[in-house]
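Participant: To be precise about what I am sending: the file is called run-v2.cif and holds mmCIF, C-alpha atoms (C1' of nucleotides).
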data_target
loop_
_atom_site.group_PDB
_atom_site.id
_atom_site.type_symbol
_atom_site.label_atom_id
_atom_site.label_comp_id
_atom_site.auth_asym_id
_atom_site.auth_seq_id
_atom_site.Cartn_x
_atom_site.Cartn_y
_atom_site.Cartn_z
ATOM 1 C CA MET A 26 0.000 0.000 0.000
ATOM 2 C CA ASN A 27 2.901 2.319 0.685
ATOM 3 C CA GLU A 28 4.586 0.769 -2.314
ATOM 4 C CA GLY A 29 2.654 2.929 -4.749
ATOM 5 C CA ILE A 30 3.560 6.099 -2.900
ATOM 6 C CA PHE A 31 7.262 5.297 -2.819
ATOM 7 C CA LYS A 32 7.238 4.457 -6.515
ATOM 8 C CA ALA A 33 5.322 7.636 -7.274
ATOM 9 C CA MET A 34 7.787 9.670 -5.239
ATOM 10 C CA SER A 35 10.826 8.066 -6.836
ATOM 11 C CA ASP A 36 10.454 10.203 -9.960
ATOM 12 C CA SER A 37 11.706 13.761 -9.833
ATOM 13 C CA THR A 38 9.079 15.122 -12.216
ATOM 14 C CA ARG A 39 6.362 13.769 -9.969
ATOM 15 C CA ARG A 40 8.038 15.196 -6.892
ATOM 16 C CA LYS A 41 8.032 18.586 -8.604
ATOM 17 C CA ILE A 42 4.343 18.196 -9.369
ATOM 18 C CA ILE A 43 3.698 17.521 -5.700
ATOM 19 C CA GLU A 44 5.615 20.642 -4.796
ATOM 20 C CA LEU A 45 3.607 22.667 -7.298
ATOM 21 C CA LEU A 46 0.377 21.382 -5.842
ATOM 22 C CA LYS A 47 1.491 22.362 -2.379
ATOM 23 C CA GLU A 48 0.937 25.955 -3.571
ATOM 24 C CA GLY A 49 -2.655 25.125 -4.318
ATOM 25 C CA PRO A 50 -4.865 23.279 -6.823
ATOM 26 C CA LYS A 51 -3.975 23.577 -10.484
ATOM 27 C CA THR A 52 -5.369 22.406 -13.785
ATOM 28 C CA ALA A 53 -3.580 19.713 -15.747
ATOM 29 C CA GLY A 54 -2.577 22.339 -18.287
ATOM 30 C CA GLU A 55 -1.093 24.665 -15.703
ATOM 31 C CA ILE A 56 0.921 21.824 -14.256
ATOM 32 C CA SER A 57 2.021 20.739 -17.692
ATOM 33 C CA SER A 58 3.213 24.234 -18.549
ATOM 34 C CA HIS A 59 5.878 24.005 -15.852
ATOM 35 C CA PHE A 60 7.679 21.232 -17.642
ATOM 36 C CA SER A 61 9.374 20.737 -20.972
ATOM 37 C CA TYR A 62 7.782 17.331 -21.439
ATOM 38 C CA THR A 63 4.758 16.917 -23.631
ATOM 39 C CA GLN A 64 1.334 17.291 -22.139
ATOM 40 C CA PRO A 65 0.445 13.573 -22.484
ATOM 41 C CA THR A 66 3.617 12.672 -20.625
ATOM 42 C CA ILE A 67 2.635 14.901 -17.721
ATOM 43 C CA SER A 68 -0.871 13.488 -17.863
ATOM 44 C CA ARG A 69 0.564 10.041 -17.339
ATOM 45 C CA HIS A 70 2.593 11.259 -14.381
ATOM 46 C CA LEU A 71 -0.561 12.755 -12.923
ATOM 47 C CA ASN A 72 -2.213 9.410 -13.349
ATOM 48 C CA VAL A 73 0.556 7.687 -11.408
ATOM 49 C CA LEU A 74 0.084 10.200 -8.590
ATOM 50 C CA LYS A 75 -3.650 9.616 -8.723
ATOM 51 C CA ASN A 76 -3.264 5.855 -8.491
ATOM 52 C CA ALA A 77 -1.039 6.346 -5.481
ATOM 53 C CA ASN A 78 -3.857 8.430 -4.056
ATOM 54 C CA LEU A 79 -1.511 11.378 -3.638
ATOM 55 C CA VAL A 80 -3.651 13.702 -5.720
ATOM 56 C CA ILE A 81 -7.341 14.097 -6.318
ATOM 57 C CA ASP A 82 -8.810 15.255 -9.591
ATOM 58 C CA GLN A 83 -12.056 16.985 -10.239
ATOM 59 C CA ARG A 84 -13.576 18.073 -13.513
ATOM 60 C CA GLU A 85 -14.586 21.721 -13.795
ATOM 61 C CA GLY A 86 -15.954 22.490 -17.229
ATOM 62 C CA ASN A 87 -13.418 21.171 -19.603
ATOM 63 C CA PHE A 88 -10.590 21.663 -17.204
ATOM 64 C CA ILE A 89 -9.479 19.068 -14.752
ATOM 65 C CA ILE A 90 -8.287 20.394 -11.457
ATOM 66 C CA TYR A 91 -5.719 18.521 -9.474
ATOM 67 C CA ARG A 92 -5.167 19.020 -5.804
ATOM 68 C CA LEU A 93 -2.894 17.412 -3.280
ATOM 69 C CA ASN A 94 -4.280 14.707 -1.030
ATOM 70 C CA THR A 95 -2.583 16.161 1.997
ATOM 71 C CA THR A 96 -3.907 13.458 4.274
ATOM 72 C CA ILE A 97 -2.146 10.705 2.379
ATOM 73 C CA LEU A 98 1.023 12.744 2.094
ATOM 74 C CA GLN A 99 1.067 13.381 5.827
ATOM 75 C CA GLU A 100 0.396 9.733 6.552
ATOM 76 C CA TRP A 101 3.274 8.751 4.338
ATOM 77 C CA LEU A 102 5.622 11.191 6.028
ATOM 78 C CA GLY A 103 4.525 9.807 9.373
ATOM 79 C CA TRP A 104 5.170 6.256 8.257
ATOM 80 C CA ILE A 105 8.601 7.141 6.976
ATOM 81 C CA PHE A 106 9.584 8.771 10.216
ATOM 82 C CA GLU A 107 8.288 5.899 12.239
ATOM 83 C CA HIS A 108 10.340 3.457 10.234
ATOM 84 C CA PHE A 109 13.489 5.317 9.358
ATOM 85 C CA GLY A 110 13.670 8.291 11.640
ATOM 86 C CA GLY A 111 14.680 8.679 15.234
ATOM 87 C CA GLY A 112 16.322 5.325 15.950
ATOM 88 C CA ASP A 113 19.951 5.804 16.825
ATOM 89 C CA ASN A 114 22.479 3.418 15.479
ATOM 90 C CA ASP A 115 25.175 2.932 18.055
ATOM 91 C CA GLU A 116 28.212 0.887 17.222
ATOM 92 C CA LYS A 117 26.788 -2.333 18.580
ATOM 93 C CA GLU A 118 28.881 -5.039 16.943
ATOM 94 C CA MET B 22 21.689 13.638 -5.868
ATOM 95 C CA ASN B 23 18.556 12.838 -3.909
ATOM 96 C CA GLU B 24 17.446 10.896 -6.943
ATOM 97 C CA GLY B 25 19.520 7.862 -6.000
ATOM 98 C CA ILE B 26 18.104 7.785 -2.500
ATOM 99 C CA PHE B 27 14.508 7.967 -3.676
ATOM 100 C CA LYS B 28 15.124 5.209 -6.196
ATOM 101 C CA ALA B 29 16.858 3.100 -3.568
ATOM 102 C CA MET B 30 13.988 3.641 -1.172
ATOM 103 C CA SER B 31 11.334 2.821 -3.745
ATOM 104 C CA ASP B 32 11.978 -0.902 -3.414
ATOM 105 C CA SER B 33 10.438 -2.707 -0.461
ATOM 106 C CA THR B 34 13.256 -5.223 -0.099
ATOM 107 C CA ARG B 35 15.738 -2.399 0.212
ATOM 108 C CA ARG B 36 13.537 -0.611 2.723
ATOM 109 C CA LYS B 37 13.493 -3.787 4.791
ATOM 110 C CA ILE B 38 17.282 -3.948 4.611
ATOM 111 C CA ILE B 39 17.451 -0.406 5.929
ATOM 112 C CA GLU B 40 15.169 -1.356 8.775
ATOM 113 C CA LEU B 41 17.341 -4.372 9.581
ATOM 114 C CA LEU B 42 20.424 -2.194 9.655
ATOM 115 C CA LYS B 43 18.733 0.183 12.042
ATOM 116 C CA GLU B 44 19.156 -2.600 14.622
ATOM 117 C CA GLY B 45 22.885 -2.512 14.058
ATOM 118 C CA PRO B 46 25.561 -3.549 11.555
ATOM 119 C CA LYS B 47 25.170 -6.921 9.876
ATOM 120 C CA THR B 48 27.131 -9.059 7.458
ATOM 121 C CA ALA B 49 25.873 -9.546 3.922
ATOM 122 C CA GLY B 50 25.020 -13.134 4.808
ATOM 123 C CA GLU B 51 22.976 -12.197 7.842
ATOM 124 C CA ILE B 52 21.041 -9.697 5.810
ATOM 125 C CA SER B 53 20.548 -12.180 3.027
ATOM 126 C CA SER B 54 19.201 -14.788 5.447
ATOM 127 C CA HIS B 55 16.211 -12.584 6.191
ATOM 128 C CA PHE B 56 14.911 -12.876 2.668
ATOM 129 C CA SER B 57 13.770 -15.610 0.361
ATOM 130 C CA TYR B 58 15.678 -14.157 -2.568
ATOM 131 C CA THR B 59 19.016 -15.594 -3.586
ATOM 132 C CA GLN B 60 22.227 -14.233 -2.135
ATOM 133 C CA PRO B 61 23.330 -12.542 -5.366
ATOM 134 C CA THR B 62 20.003 -10.750 -5.587
ATOM 135 C CA ILE B 63 20.418 -9.324 -2.105
ATOM 136 C CA SER B 64 24.006 -8.453 -2.904
ATOM 137 C CA ARG B 65 22.799 -6.357 -5.789
ATOM 138 C CA HIS B 66 20.271 -4.630 -3.575
ATOM 139 C CA LEU B 67 23.049 -3.868 -1.124
ATOM 140 C CA ASN B 68 25.019 -2.406 -3.964
ATOM 141 C CA VAL B 69 22.165 -0.088 -4.884
ATOM 142 C CA LEU B 70 22.009 1.103 -1.288
ATOM 143 C CA LYS B 71 25.756 1.584 -1.309
ATOM 144 C CA ASN B 72 25.659 3.641 -4.496
ATOM 145 C CA ALA B 73 22.993 5.810 -2.922
ATOM 146 C CA ASN B 74 25.398 6.222 -0.016
ATOM 147 C CA LEU B 75 22.787 4.902 2.380
ATOM 148 C CA VAL B 76 25.009 2.119 3.680
ATOM 149 C CA ILE B 77 28.707 1.691 4.252
ATOM 150 C CA ASP B 78 30.520 -1.588 3.853
ATOM 151 C CA GLN B 79 33.677 -2.747 5.505
ATOM 152 C CA ARG B 80 35.546 -5.991 5.050
ATOM 153 C CA GLU B 81 36.286 -7.981 8.181
ATOM 154 C CA GLY B 82 38.070 -11.220 7.357
ATOM 155 C CA ASN B 83 35.997 -12.800 4.701
ATOM 156 C CA PHE B 84 32.823 -11.204 5.897
ATOM 157 C CA ILE B 85 31.607 -7.879 4.694
ATOM 158 C CA ILE B 86 29.842 -5.815 7.266
ATOM 159 C CA TYR B 87 27.172 -3.363 6.263
ATOM 160 C CA ARG B 88 26.079 -0.525 8.415
ATOM 161 C CA LEU B 89 23.610 2.281 7.949
ATOM 162 C CA ASN B 90 24.878 5.695 6.930
ATOM 163 C CA THR B 91 22.652 7.414 9.437
ATOM 164 C CA THR B 92 23.863 10.845 8.418
ATOM 165 C CA ILE B 93 22.621 10.459 4.868
ATOM 166 C CA LEU B 94 19.375 8.930 6.032
ATOM 167 C CA GLN B 95 18.742 11.817 8.399
ATOM 168 C CA GLU B 96 19.611 14.318 5.712
ATOM 169 C CA TRP B 97 17.162 12.684 3.367
ATOM 170 C CA LEU B 98 14.417 12.726 5.986
ATOM 171 C CA GLY B 99 15.142 16.389 6.572
ATOM 172 C CA TRP B 100 14.949 17.149 2.898
ATOM 173 C CA ILE B 101 11.664 15.336 2.539
ATOM 174 C CA PHE B 102 10.095 17.233 5.379
ATOM 175 C CA GLU B 103 11.348 20.515 4.085
ATOM 176 C CA HIS B 104 9.788 19.852 0.701
ATOM 177 C CA PHE B 105 6.648 17.902 1.428
ATOM 178 C CA GLY B 106 5.891 18.375 5.073
ATOM 179 C CA GLY B 107 4.386 21.181 7.035
ATOM 180 C CA GLY B 108 2.911 23.380 4.322
ATOM 181 C CA ASP B 109 -0.843 23.588 4.606
ATOM 182 C CA ASN B 110 -2.950 23.427 1.536
ATOM 183 C CA ASP B 111 -5.922 25.671 1.990
ATOM 184 C CA GLU B 112 -8.629 25.752 -0.622
ATOM 185 C CA LYS B 113 -7.120 28.634 -2.567
ATOM 186 C CA GLU B 114 -8.697 28.408 -6.004
ATOM 187 C "C1'" DT C 5 49.408 -24.631 -2.073
ATOM 188 C "C1'" DG C 6 44.622 -26.432 -2.061
ATOM 189 C "C1'" DA C 7 40.078 -26.594 0.029
ATOM 190 C "C1'" DT C 8 36.548 -24.006 2.076
ATOM 191 C "C1'" DT C 9 33.705 -20.004 3.082
ATOM 192 C "C1'" DA C 10 31.667 -15.423 2.197
ATOM 193 C "C1'" DT C 11 30.546 -12.354 -1.053
ATOM 194 C "C1'" DA C 12 30.466 -9.988 -5.518
ATOM 195 C "C1'" DT C 13 30.130 -9.847 -10.535
ATOM 196 C "C1'" DA C 14 28.693 -11.383 -15.239
ATOM 197 C "C1'" DG C 15 25.352 -12.508 -18.291
ATOM 198 C "C1'" DC C 16 20.826 -13.551 -19.262
ATOM 199 C "C1'" DT C 17 15.465 -12.987 -19.258
ATOM 200 C "C1'" DT C 18 11.365 -10.648 -18.135
ATOM 201 C "C1'" DA C 19 8.812 -6.924 -16.588
ATOM 202 C "C1'" DA C 20 8.159 -2.172 -15.635
ATOM 203 C "C1'" DT C 21 8.737 2.734 -16.725
ATOM 204 C "C1'" DA C 22 9.417 7.063 -19.245
ATOM 205 C "C1'" DG C 23 9.120 9.337 -23.248
ATOM 206 C "C1'" DC C 24 6.939 10.251 -27.787
ATOM 207 C "C1'" DT C 25 3.006 10.958 -31.544
ATOM 208 C "C1'" DA C 26 -1.562 10.142 -32.912
ATOM 209 C "C1'" DA C 27 -6.210 9.451 -31.761
ATOM 210 C "C1'" DA C 28 -10.135 9.416 -28.565
ATOM 211 C "C1'" DT C 29 -13.101 11.605 -25.051
ATOM 212 C "C1'" DA C 30 -15.626 15.207 -22.721
ATOM 213 C "C1'" DG C 31 -17.159 19.643 -22.218
ATOM 214 C "C1'" DT C 32 -18.394 24.397 -24.126
ATOM 215 C "C1'" DC C 33 -20.411 27.585 -27.121
ATOM 216 C "C1'" DA C 34 -22.165 29.462 -31.513
ATOM 217 C "C1'" DT D 2 -25.075 19.903 -34.586
ATOM 218 C "C1'" DG D 3 -20.256 21.370 -35.530
ATOM 219 C "C1'" DA D 4 -16.023 23.562 -34.222
ATOM 220 C "C1'" DC D 5 -12.984 24.231 -30.623
ATOM 221 C "C1'" DT D 6 -10.423 23.400 -26.222
ATOM 222 C "C1'" DA D 7 -8.580 20.554 -22.453
ATOM 223 C "C1'" DT D 8 -7.244 16.356 -21.304
ATOM 224 C "C1'" DT D 9 -6.739 11.355 -21.433
ATOM 225 C "C1'" DT D 10 -5.796 6.985 -23.648
ATOM 226 C "C1'" DA D 11 -3.550 3.896 -27.067
ATOM 227 C "C1'" DG D 12 0.282 2.137 -29.059
ATOM 228 C "C1'" DC D 13 4.923 2.289 -29.826
ATOM 229 C "C1'" DT D 14 10.270 2.380 -28.553
ATOM 230 C "C1'" DA D 15 14.129 2.585 -25.544
ATOM 231 C "C1'" DT D 16 15.906 2.196 -21.039
ATOM 232 C "C1'" DT D 17 16.074 0.556 -16.418
ATOM 233 C "C1'" DA D 18 15.405 -2.782 -12.901
ATOM 234 C "C1'" DA D 19 14.662 -7.208 -10.611
ATOM 235 C "C1'" DG D 20 15.232 -11.812 -10.538
ATOM 236 C "C1'" DC D 21 17.921 -16.027 -11.633
ATOM 237 C "C1'" DT D 22 22.225 -19.336 -12.359
ATOM 238 C "C1'" DA D 23 26.962 -19.727 -13.031
ATOM 239 C "C1'" DT D 24 31.388 -17.868 -12.192
ATOM 240 C "C1'" DA D 25 34.905 -14.969 -10.125
ATOM 241 C "C1'" DT D 26 37.232 -12.862 -6.135
ATOM 242 C "C1'" DA D 27 39.156 -12.580 -1.546
ATOM 243 C "C1'" DA D 28 40.205 -14.225 2.781
ATOM 244 C "C1'" DT D 29 41.136 -18.163 5.914
ATOM 245 C "C1'" DC D 30 43.069 -22.361 7.428
ATOM 246 C "C1'" DA D 31 45.167 -26.914 7.117
#
Transcribe the structure of this file into structure tokens.

Facilitator:
Amino acid sequence: MNEGIFKAMSDSTRRKIIELLKEGPKTAGEISSHFSYTQPTISRHLNVLKNANLVIDQREGNFIIYRLNTTILQEWLGWIFEHFGGGDNDEKE
Amino acid sequence: MNEGIFKAMSDSTRRKIIELLKEGPKTAGEISSHFSYTQPTISRHLNVLKNANLVIDQREGNFIIYRLNTTILQEWLGWIFEHFGGGDNDEKE
DNA sequence: TGATTATATAGCTTAATAGCTAAATAGTCA
DNA sequence: TGACTATTTAGCTATTAAGCTATATAATCA
């Protein structure tokens, strides 16, 4: 279940999309305009983020608005910290 | 530069290795014994983690001891929080 | 030196992923 | 309905990644 999020986050274009969406909701076109990739390529990235449940889309006329699923993102960050953070690693050979 | 860490972390076997190493340093064989994959497969995973600078290896006789590079891991966690954490996402359409 | 042990590397196969162009879908508006 | 706009989906290619078996390397010990 976390798998999808880690995979989604492992691509730098998708991480940039997440950062863009932190500013607020944006249409697919707006997002696309920030990159030099073609629009279909960005659309596919958005789809990966959607499948990972990291973004939510909503049609508004003939635009599609994407927004961050902050809940999932926060949960993921929490999970990461639980598993990889904190624990000290003292020379215990 | 973060790219390698995200890629390394995107695989669940490698994440489990990291968790194992949080307990303390382990030989390649010990690590390998926790999985049902073959030894060469785990060796390659260890190599990915090494290239991402997430682990450090050290020969000791004919064992090779792996230990977590806690500094890098902490740095990565810090980076993640800086970029994805905290920021609220108020309905600003 | 030769046998044994621990580990890595090579070489292969299969599957997944990122990018593209072209075509389909869905909505708007005259 | 027909033209137009925004976006997704299909279908392709090239690259990367994960797994395997077989082999190589490096250290130890008799």

Participant: Up to 8 Å from (-18.8, 16.6, -20.0) in the file's coordinates: name the residues, counting all atoms listed in the file, as a VMD selection string.

Facilitator: (chain A and resid 86 to 87) or (chain C and resid 30 to 31)

Participant: Select residues of chain B: the criterion is any atom within 12 Å of an atom of chain D, counting all atoms listed in the file; output as number ranges by chain.

Facilitator: B: 28-29, 31-35, 57-63, 65-66, 69, 80-85

Participant: To verify the selection step, state as a list of chain:residue names which residues the PyMOL selection byres ((chain B and resi 106) around 12) yields on this input.

Facilitator: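 After applying the PyMOL selection byres ((chain B and resi 106) around 12), what remains is A:Ile43, A:Glu44, A:Lys47, A:Thr95, A:Thr96, A:Ile97, A:Leu98, A:Gln99, A:Glu100, A:Trp101, A:Leu102, A:Gly103, A:Ile105, A:Phe106, B:Leu98, B:Gly99, B:Trp100, B:Ile101, B:Phe102, B:Glu103, B:His104, B:Phe105, B:Gly107, B:Gly108, B:Asp109, B:Asn110.
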
Participant: Counting only C-alpha atoms (C1' of nucleotides), a student should be able to say which residues of chain C come within 10 Å of chain A; what is the right answer, written as a PDB file with C-alpha atoms (C1' of nucleotides), in the coordinates of the input?

Facilitator:
ATOM      1  C1'  DA C  22       9.417   7.063 -19.245  1.00  0.00           C
ATOM      2  C1'  DG C  23       9.120   9.337 -23.248  1.00  0.00           C
ATOM      3  C1'  DC C  24       6.939  10.251 -27.787  1.00  0.00           C
ATOM      4  C1'  DT C  25       3.006  10.958 -31.544  1.00  0.00           C
ATOM      5  C1'  DA C  30     -15.626  15.207 -22.721  1.00  0.00           C
ATOM      6  C1'  DG C  31     -17.159  19.643 -22.218  1.00  0.00           C
ATOM      7  C1'  DT C  32     -18.394  24.397 -24.126  1.00  0.00           C
TER       8       DT C  32
END

Participant: Could you check the closest approach to chain B for each of A:Ser58, A:Asn76, A:Ser68, A:Asn27 and tell me which residue wins, using all atoms listed in the file?

Facilitator: A:Asn27

Participant: Restricting the calculation to only C-alpha atoms: of A:Ile56, A:Val80, A:Ile42, A:Leu93, which residue gets closest to chain B?

Facilitator: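 Under the stated criterion, the closest residue is A:Leu93.
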
Participant: Could you check how far atom CA of A:Phe60 sits from atom CA of B:Ile26, in Å to one decimal?

Facilitator: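 Spanning atom CA of A:Phe60 to atom CA of B:Ile26 is a straight-line distance of 22.8 Å.
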